[in-house]
>>> print(open('work13.cif').read())   # mmCIF, C-alpha atoms and all ligand atoms
data_run
#
loop_
_atom_site.group_PDB
_atom_site.id
_atom_site.type_symbol
_atom_site.label_atom_id
_atom_site.label_comp_id
_atom_site.auth_asym_id
_atom_site.auth_seq_id
_atom_site.Cartn_x
_atom_site.Cartn_y
_atom_site.Cartn_z
ATOM 1 C CA MET A 1 87.047 86.354 82.737
ATOM 2 C CA ARG A 2 90.351 88.222 83.081
ATOM 3 C CA ALA A 3 91.985 85.801 85.526
ATOM 4 C CA ALA A 4 91.197 82.806 83.265
ATOM 5 C CA ASN A 5 93.190 79.901 84.723
ATOM 6 C CA ARG A 6 95.608 82.005 86.721
ATOM 7 C CA GLU A 7 95.461 82.144 90.493
ATOM 8 C CA ILE A 8 94.316 85.437 91.980
ATOM 9 C CA GLY A 9 94.137 86.511 95.606
ATOM 10 C CA GLY A 10 94.511 89.204 98.191
ATOM 11 C CA VAL A 11 94.283 89.980 101.870
ATOM 12 C CA LEU A 12 91.379 89.417 104.263
ATOM 13 C CA PHE A 13 90.174 91.995 106.731
ATOM 14 C CA GLY A 14 88.135 90.610 109.591
ATOM 15 C CA GLU A 15 85.833 91.497 112.440
ATOM 16 C CA HIS A 16 86.289 89.667 115.739
ATOM 17 C CA VAL A 17 82.730 88.681 116.634
ATOM 18 C CA GLY A 18 83.527 86.631 119.737
ATOM 19 C CA ASN A 19 85.786 83.855 121.078
ATOM 20 C CA ALA A 20 87.291 82.194 118.019
ATOM 21 C CA ASP A 21 84.696 83.600 115.593
ATOM 22 C CA PHE A 22 85.670 86.060 112.892
ATOM 23 C CA ARG A 23 83.663 87.587 110.073
ATOM 24 C CA ILE A 24 85.375 88.531 106.825
ATOM 25 C CA VAL A 25 84.378 92.141 106.226
ATOM 26 C CA GLU A 26 86.605 92.859 103.229
ATOM 27 C CA ALA A 27 88.787 90.906 100.818
ATOM 28 C CA THR A 28 91.148 92.844 98.568
ATOM 29 C CA LEU A 29 91.966 91.680 95.053
ATOM 30 C CA GLN A 30 95.368 91.312 93.459
ATOM 31 C CA GLU A 31 95.011 90.042 89.919
ATOM 32 C CA ARG A 32 98.716 90.001 89.066
ATOM 33 C CA GLY A 33 101.411 87.729 90.411
ATOM 34 C CA GLY A 34 99.604 84.447 89.941
ATOM 35 C CA SER A 35 100.369 81.620 87.548
ATOM 36 C CA ASP A 36 98.236 78.567 86.802
ATOM 37 C CA ARG A 37 99.587 76.753 89.900
ATOM 38 C CA LYS A 38 100.875 79.446 92.194
ATOM 39 C CA PHE A 39 99.913 82.765 93.713
ATOM 40 C CA ARG A 40 102.575 85.088 95.048
ATOM 41 C CA ARG A 41 101.163 88.137 96.706
ATOM 42 C CA LYS A 42 103.032 91.396 96.296
ATOM 43 C CA GLY A 43 104.012 92.596 99.780
ATOM 44 C CA GLY A 44 103.866 96.301 98.903
ATOM 45 C CA LYS A 45 100.412 96.077 97.316
ATOM 46 C CA ALA A 46 99.107 93.963 100.234
ATOM 47 C CA ARG A 47 100.375 96.539 102.757
ATOM 48 C CA ARG A 48 98.863 99.456 100.796
ATOM 49 C CA ASP A 49 95.521 97.640 100.468
ATOM 50 C CA LEU A 50 95.477 96.814 104.179
ATOM 51 C CA LYS A 51 96.264 100.411 105.078
ATOM 52 C CA LYS A 52 93.371 101.654 102.924
ATOM 53 C CA VAL A 53 90.917 99.165 104.445
ATOM 54 C CA SER A 54 92.198 99.852 107.982
ATOM 55 C CA LEU A 55 91.361 103.543 107.576
ATOM 56 C CA ARG A 56 87.681 102.633 107.230
ATOM 57 C CA TYR A 57 87.761 100.744 110.542
ATOM 58 C CA ASP A 58 90.378 102.733 112.438
ATOM 59 C CA GLN A 59 88.101 103.496 115.393
ATOM 60 C CA ASN A 60 88.346 99.904 116.578
ATOM 61 C CA PRO A 61 91.506 97.978 115.583
ATOM 62 C CA LYS A 62 90.921 95.380 118.323
ATOM 63 C CA LYS A 63 87.646 94.414 116.680
ATOM 64 C CA PHE A 64 88.584 94.997 113.028
ATOM 65 C CA ASN A 65 91.983 93.952 111.740
ATOM 66 C CA TYR A 66 94.088 92.031 109.237
ATOM 67 C CA LEU A 67 92.806 88.457 109.300
ATOM 68 C CA GLY A 68 94.877 86.718 106.659
ATOM 69 C CA GLU A 69 95.183 85.848 103.011
ATOM 70 C CA TRP A 70 93.075 84.345 100.273
ATOM 71 C CA HIS A 71 93.704 83.028 96.777
ATOM 72 C CA SER A 72 92.045 80.901 94.149
ATOM 73 C CA HIS A 73 93.040 77.432 92.986
ATOM 74 C CA PRO A 74 91.459 77.238 89.528
ATOM 75 C CA ASN A 75 93.442 74.126 88.580
ATOM 76 C CA THR A 76 93.853 72.106 91.785
ATOM 77 C CA SER A 77 91.940 71.202 94.942
ATOM 78 C CA VAL A 78 91.206 73.851 97.558
ATOM 79 C CA PHE A 79 93.789 72.418 99.949
ATOM 80 C CA PRO A 80 96.949 74.479 100.576
ATOM 81 C CA SER A 81 100.108 73.513 98.673
ATOM 82 C CA SER A 82 103.383 73.059 100.528
ATOM 83 C CA SER A 83 104.482 76.514 99.351
ATOM 84 C CA ASP A 84 101.145 77.980 100.585
ATOM 85 C CA LYS A 85 101.828 76.509 104.043
ATOM 86 C CA LEU A 86 105.387 77.818 104.034
ATOM 87 C CA THR A 87 104.219 81.323 103.029
ATOM 88 C CA MET A 88 101.667 81.364 105.870
ATOM 89 C CA LYS A 89 104.266 80.217 108.406
ATOM 90 C CA GLU A 90 106.613 82.970 107.231
ATOM 91 C CA LEU A 91 103.873 85.619 107.440
ATOM 92 C CA VAL A 92 102.653 84.613 110.906
ATOM 93 C CA THR A 93 106.176 84.576 112.356
ATOM 94 C CA ASP A 94 107.285 87.794 110.583
ATOM 95 C CA SER A 95 108.304 90.292 113.248
ATOM 96 C CA LYS A 96 106.568 93.086 111.290
ATOM 97 C CA THR A 97 103.247 91.206 111.404
ATOM 98 C CA ILE A 98 102.244 91.393 115.038
ATOM 99 C CA VAL A 99 99.623 88.635 115.110
ATOM 100 C CA ASN A 100 99.010 85.344 116.936
ATOM 101 C CA PHE A 101 97.530 83.653 113.905
ATOM 102 C CA LEU A 102 96.560 84.235 110.279
ATOM 103 C CA VAL A 103 93.886 82.586 108.179
ATOM 104 C CA LEU A 104 94.448 81.261 104.670
ATOM 105 C CA LEU A 105 91.295 80.895 102.602
ATOM 106 C CA ILE A 106 91.410 79.093 99.255
ATOM 107 C CA ASN A 107 88.512 78.982 96.829
ATOM 108 C CA ARG A 108 87.803 77.116 93.635
ATOM 109 C CA LEU A 109 85.002 77.102 91.121
ATOM 110 C CA ASN A 110 84.906 73.531 89.869
ATOM 111 C CA VAL A 111 83.855 72.352 86.388
ATOM 112 C CA ARG A 112 80.232 72.045 87.550
ATOM 113 C CA GLY A 113 80.278 75.670 88.662
ATOM 114 C CA GLU A 114 80.244 74.787 92.364
ATOM 115 C CA LEU A 115 82.178 77.044 94.707
ATOM 116 C CA LYS A 116 84.512 75.126 97.027
ATOM 117 C CA ILE A 117 86.164 76.914 99.940
ATOM 118 C CA TYR A 118 88.766 75.744 102.442
ATOM 119 C CA ALA A 119 90.151 77.831 105.291
ATOM 120 C CA CYS A 120 92.864 77.109 107.821
ATOM 121 C CA ALA A 121 94.310 79.197 110.646
ATOM 122 C CA TYR A 122 98.091 79.211 111.059
ATOM 123 C CA HIS A 123 99.129 79.841 114.657
ATOM 124 C CA PHE A 124 102.555 81.359 115.344
ATOM 125 C CA SER A 125 103.429 78.219 117.346
ATOM 126 C CA GLY A 126 103.272 76.235 114.101
ATOM 127 C CA GLN A 127 99.843 74.727 114.720
ATOM 128 C CA GLU A 128 97.430 74.509 111.750
ATOM 129 C CA ILE A 129 93.752 74.697 112.663
ATOM 130 C CA PRO A 130 91.143 74.007 109.938
ATOM 131 C CA CYS A 131 88.334 76.591 110.119
ATOM 132 C CA GLU A 132 84.616 76.052 109.937
ATOM 133 C CA ILE A 133 83.086 78.361 107.327
ATOM 134 C CA VAL A 134 79.609 79.712 107.934
ATOM 135 C CA PHE A 135 77.729 81.636 105.260
ATOM 136 C CA GLU A 136 75.513 84.374 106.594
ATOM 137 C CA PRO A 137 72.284 85.254 104.842
ATOM 138 C CA ARG A 138 72.562 88.462 102.857
ATOM 139 C CA GLY A 139 71.992 91.542 104.979
ATOM 140 C CA SER A 140 72.417 89.741 108.310
ATOM 141 C CA ALA A 141 75.794 91.320 109.080
ATOM 142 C CA SER A 142 75.418 94.287 111.384
HETATM 143 ZN ZN ZN B 1 97.699 77.924 96.782
#
>>> encode(input="work13.cif", output="structure tokens", more="lines below")
Ligand SMILES: [Zn+2]
Amino acid sequence: MRAANREIGGVLFGEHVGNADFRIVEATLQERGGSDRKFRRKGGKARRDLKKVSLRYDQNPKKFNYLGEWHSHPNTSVFPSSSDKLTMKELVTDSKTIVNFLVLLINRLNVRGELKIYACAYHFSGQEIPCEIVFEPRGSAS
């Protein structure tokens, strides 16, 4: 595996499916910028990736839009570090990012090969709201 024990990540593109429910429709991948304990996304690459994905859904930006960030924690638990929380607070209050909230999703493949996932929404008010993650059966997304 190329990433080995380094953290990798990217941006999440989501579909608003109703009320507070969102479906992740695309997740971009940035393999560089991570160390064994930290992932720093490259702003330029994230913006270019988002632009590319947005073009595929440009007919309906209210339904399909930037949802947040994801990265792996190969060496620690799936819970956000203090620098992860700070990064999310900076992104959600950035005047160039016109959003009410952003989701941070962290995943980890543990030593038994089990996939662990944690997701939290960061509201611009400073509130952190843990998300419920629902896996859809393959092919059920419309
Ligand atoms: Zn992290």
>>> residues_around(input="work13.cif", residues="region 30-44 of chain A", least_positions_apart="6", cutoff="6 Å", atoms="only C-alpha atoms", output="PDB file with C-alpha atoms, keeping the file's coordinate frame")
ATOM      1  CA  ASN A   5      93.190  79.901  84.723  1.00  0.00           C
ATOM      2  CA  ARG A   6      95.608  82.005  86.721  1.00  0.00           C
ATOM      3  CA  GLU A   7      95.461  82.144  90.493  1.00  0.00           C
ATOM      4  CA  ILE A   8      94.316  85.437  91.980  1.00  0.00           C
ATOM      5  CA  GLY A   9      94.137  86.511  95.606  1.00  0.00           C
ATOM      6  CA  GLY A  10      94.511  89.204  98.191  1.00  0.00           C
TER       7      GLY A  10
END
>>> closest_residue(input="work13.cif", among="A:Gln127, A:Thr93, A:Ser83, A:Asn100", to="ligand ZN 1 (chain B)", atoms="only C-alpha atoms and all ligand atoms")
A:Ser83
>>> residues_around(input="work13.cif", residues="region 17-24 of chain A", least_positions_apart="3", cutoff="9 Å", atoms="all atoms listed in the file", output="mmCIF file with C-alpha atoms, keeping the file's coordinate frame")
data_model
loop_
_atom_site.group_PDB
_atom_site.id
_atom_site.type_symbol
_atom_site.label_atom_id
_atom_site.label_comp_id
_atom_site.auth_asym_id
_atom_site.auth_seq_id
_atom_site.Cartn_x
_atom_site.Cartn_y
_atom_site.Cartn_z
ATOM 1 C CA LEU A 12 91.379 89.417 104.263
ATOM 2 C CA PHE A 13 90.174 91.995 106.731
ATOM 3 C CA GLY A 14 88.135 90.610 109.591
ATOM 4 C CA ALA A 27 88.787 90.906 100.818
ATOM 5 C CA LYS A 63 87.646 94.414 116.680
ATOM 6 C CA LEU A 67 92.806 88.457 109.300
ATOM 7 C CA ALA A 141 75.794 91.320 109.080
#
>>> resolve_selection(input="work13.cif", expression="the PyMOL selection byres (((not hetatm)) within 6 of (chain B and resi 1))", output="PyMOL selection string")
chain A and resi 38+80-81+84
>>> residues_around(input="work13.cif", residues="Val111 (chain A)", least_positions_apart="5", cutoff="12 Å", atoms="all atoms listed in the file", output="short mmCIF file (atom, residue, chain, number, x, y, z; two decimals) with C-alpha atoms, in the coordinates of the input")
data_model
loop_
_atom_site.label_atom_id
_atom_site.label_comp_id
_atom_site.auth_asym_id
_atom_site.auth_seq_id
_atom_site.Cartn_x
_atom_site.Cartn_y
_atom_site.Cartn_z
CA PRO A 74 91.46 77.24 89.53
CA ASN A 75 93.44 74.13 88.58
CA THR A 76 93.85 72.11 91.78
CA SER A 77 91.94 71.20 94.94
CA LYS A 116 84.51 75.13 97.03
#
>>> closest_residue(input="work13.cif", among="A:Leu91, A:Val11, A:Val78, A:Ile106", to="Arg48 (chain A)", atoms="all atoms listed in the file")
A:Val11
>>> atom_distance(input="work13.cif", atom1="CA of Val92 (chain A)", atom2="CA of Phe124 (chain A)")
5.5 Å
>>> closest_residue(input="work13.cif", among="A:Glu69, A:Arg108, A:Glu132, A:Gln59", to="Lys89 (chain A)", atoms="all atoms listed in the file")
A:Glu69
>>> atom_distance(input="work13.cif", atom1="CA of Gly68 (chain A)", atom2="CA of Pro130 (chain A)")
13.6 Å
>>> residues_near_point(input="work13.cif", point="(92.5, 99.2, 106.7)", cutoff="12 Å", atoms="all atoms listed in the file", output="ChimeraX atom specification")
/A:11-15,25-28,46-61,64-67
>>> build_atoms(input="work13.cif", residues="region 85-102 of chain A", atoms="N, CA and C atoms", output="PDB file, in the coordinates of the input")
ATOM      1  N   LYS A  85     101.625  76.692 102.592  1.00  0.00           N
ATOM      2  CA  LYS A  85     101.828  76.509 104.043  1.00  0.00           C
ATOM      3  C   LYS A  85     103.083  77.241 104.505  1.00  0.00           C
ATOM      4  N   LEU A  86     104.124  77.153 103.694  1.00  0.00           N
ATOM      5  CA  LEU A  86     105.387  77.818 104.034  1.00  0.00           C
ATOM      6  C   LEU A  86     105.194  79.336 104.075  1.00  0.00           C
ATOM      7  N   THR A  87     104.487  79.877 103.072  1.00  0.00           N
ATOM      8  CA  THR A  87     104.219  81.323 103.029  1.00  0.00           C
ATOM      9  C   THR A  87     103.474  81.758 104.283  1.00  0.00           C
ATOM     10  N   MET A  88     102.453  80.988 104.692  1.00  0.00           N
ATOM     11  CA  MET A  88     101.667  81.364 105.870  1.00  0.00           C
ATOM     12  C   MET A  88     102.525  81.316 107.134  1.00  0.00           C
ATOM     13  N   LYS A  89     103.385  80.313 107.228  1.00  0.00           N
ATOM     14  CA  LYS A  89     104.266  80.217 108.406  1.00  0.00           C
ATOM     15  C   LYS A  89     105.231  81.396 108.456  1.00  0.00           C
ATOM     16  N   GLU A  90     105.713  81.809 107.267  1.00  0.00           N
ATOM     17  CA  GLU A  90     106.613  82.970 107.231  1.00  0.00           C
ATOM     18  C   GLU A  90     105.873  84.246 107.642  1.00  0.00           C
ATOM     19  N   LEU A  91     104.635  84.401 107.122  1.00  0.00           N
ATOM     20  CA  LEU A  91     103.873  85.619 107.440  1.00  0.00           C
ATOM     21  C   LEU A  91     103.533  85.698 108.925  1.00  0.00           C
ATOM     22  N   VAL A  92     103.118  84.575 109.511  1.00  0.00           N
ATOM     23  CA  VAL A  92     102.653  84.613 110.906  1.00  0.00           C
ATOM     24  C   VAL A  92     103.813  84.756 111.895  1.00  0.00           C
ATOM     25  N   THR A  93     105.029  84.422 111.460  1.00  0.00           N
ATOM     26  CA  THR A  93     106.176  84.576 112.356  1.00  0.00           C
ATOM     27  C   THR A  93     107.018  85.810 112.003  1.00  0.00           C
ATOM     28  N   ASP A  94     106.589  86.566 110.984  1.00  0.00           N
ATOM     29  CA  ASP A  94     107.285  87.794 110.583  1.00  0.00           C
ATOM     30  C   ASP A  94     107.174  88.819 111.714  1.00  0.00           C
ATOM     31  N   SER A  95     108.318  89.353 112.117  1.00  0.00           N
ATOM     32  CA  SER A  95     108.304  90.292 113.248  1.00  0.00           C
ATOM     33  C   SER A  95     107.523  91.575 112.937  1.00  0.00           C
ATOM     34  N   LYS A  96     107.334  91.879 111.640  1.00  0.00           N
ATOM     35  CA  LYS A  96     106.568  93.086 111.290  1.00  0.00           C
ATOM     36  C   LYS A  96     105.062  92.840 111.369  1.00  0.00           C
ATOM     37  N   THR A  97     104.668  91.565 111.315  1.00  0.00           N
ATOM     38  CA  THR A  97     103.247  91.206 111.404  1.00  0.00           C
ATOM     39  C   THR A  97     102.987  90.799 112.846  1.00  0.00           C
ATOM     40  N   ILE A  98     102.419  91.688 113.615  1.00  0.00           N
ATOM     41  CA  ILE A  98     102.244  91.393 115.038  1.00  0.00           C
ATOM     42  C   ILE A  98     100.894  90.707 115.238  1.00  0.00           C
ATOM     43  N   VAL A  99     100.864  89.407 114.986  1.00  0.00           N
ATOM     44  CA  VAL A  99      99.623  88.635 115.110  1.00  0.00           C
ATOM     45  C   VAL A  99      99.923  87.288 115.770  1.00  0.00           C
ATOM     46  N   ASN A 100      98.883  86.682 116.358  1.00  0.00           N
ATOM     47  CA  ASN A 100      99.010  85.344 116.936  1.00  0.00           C
ATOM     48  C   ASN A 100      98.767  84.276 115.892  1.00  0.00           C
ATOM     49  N   PHE A 101      97.901  84.619 114.928  1.00  0.00           N
ATOM     50  CA  PHE A 101      97.530  83.653 113.905  1.00  0.00           C
ATOM     51  C   PHE A 101      97.106  84.410 112.649  1.00  0.00           C
ATOM     52  N   LEU A 102      97.084  83.692 111.532  1.00  0.00           N
ATOM     53  CA  LEU A 102      96.560  84.235 110.279  1.00  0.00           C
ATOM     54  C   LEU A 102      95.760  83.135 109.591  1.00  0.00           C
TER      55      LEU A 102
END
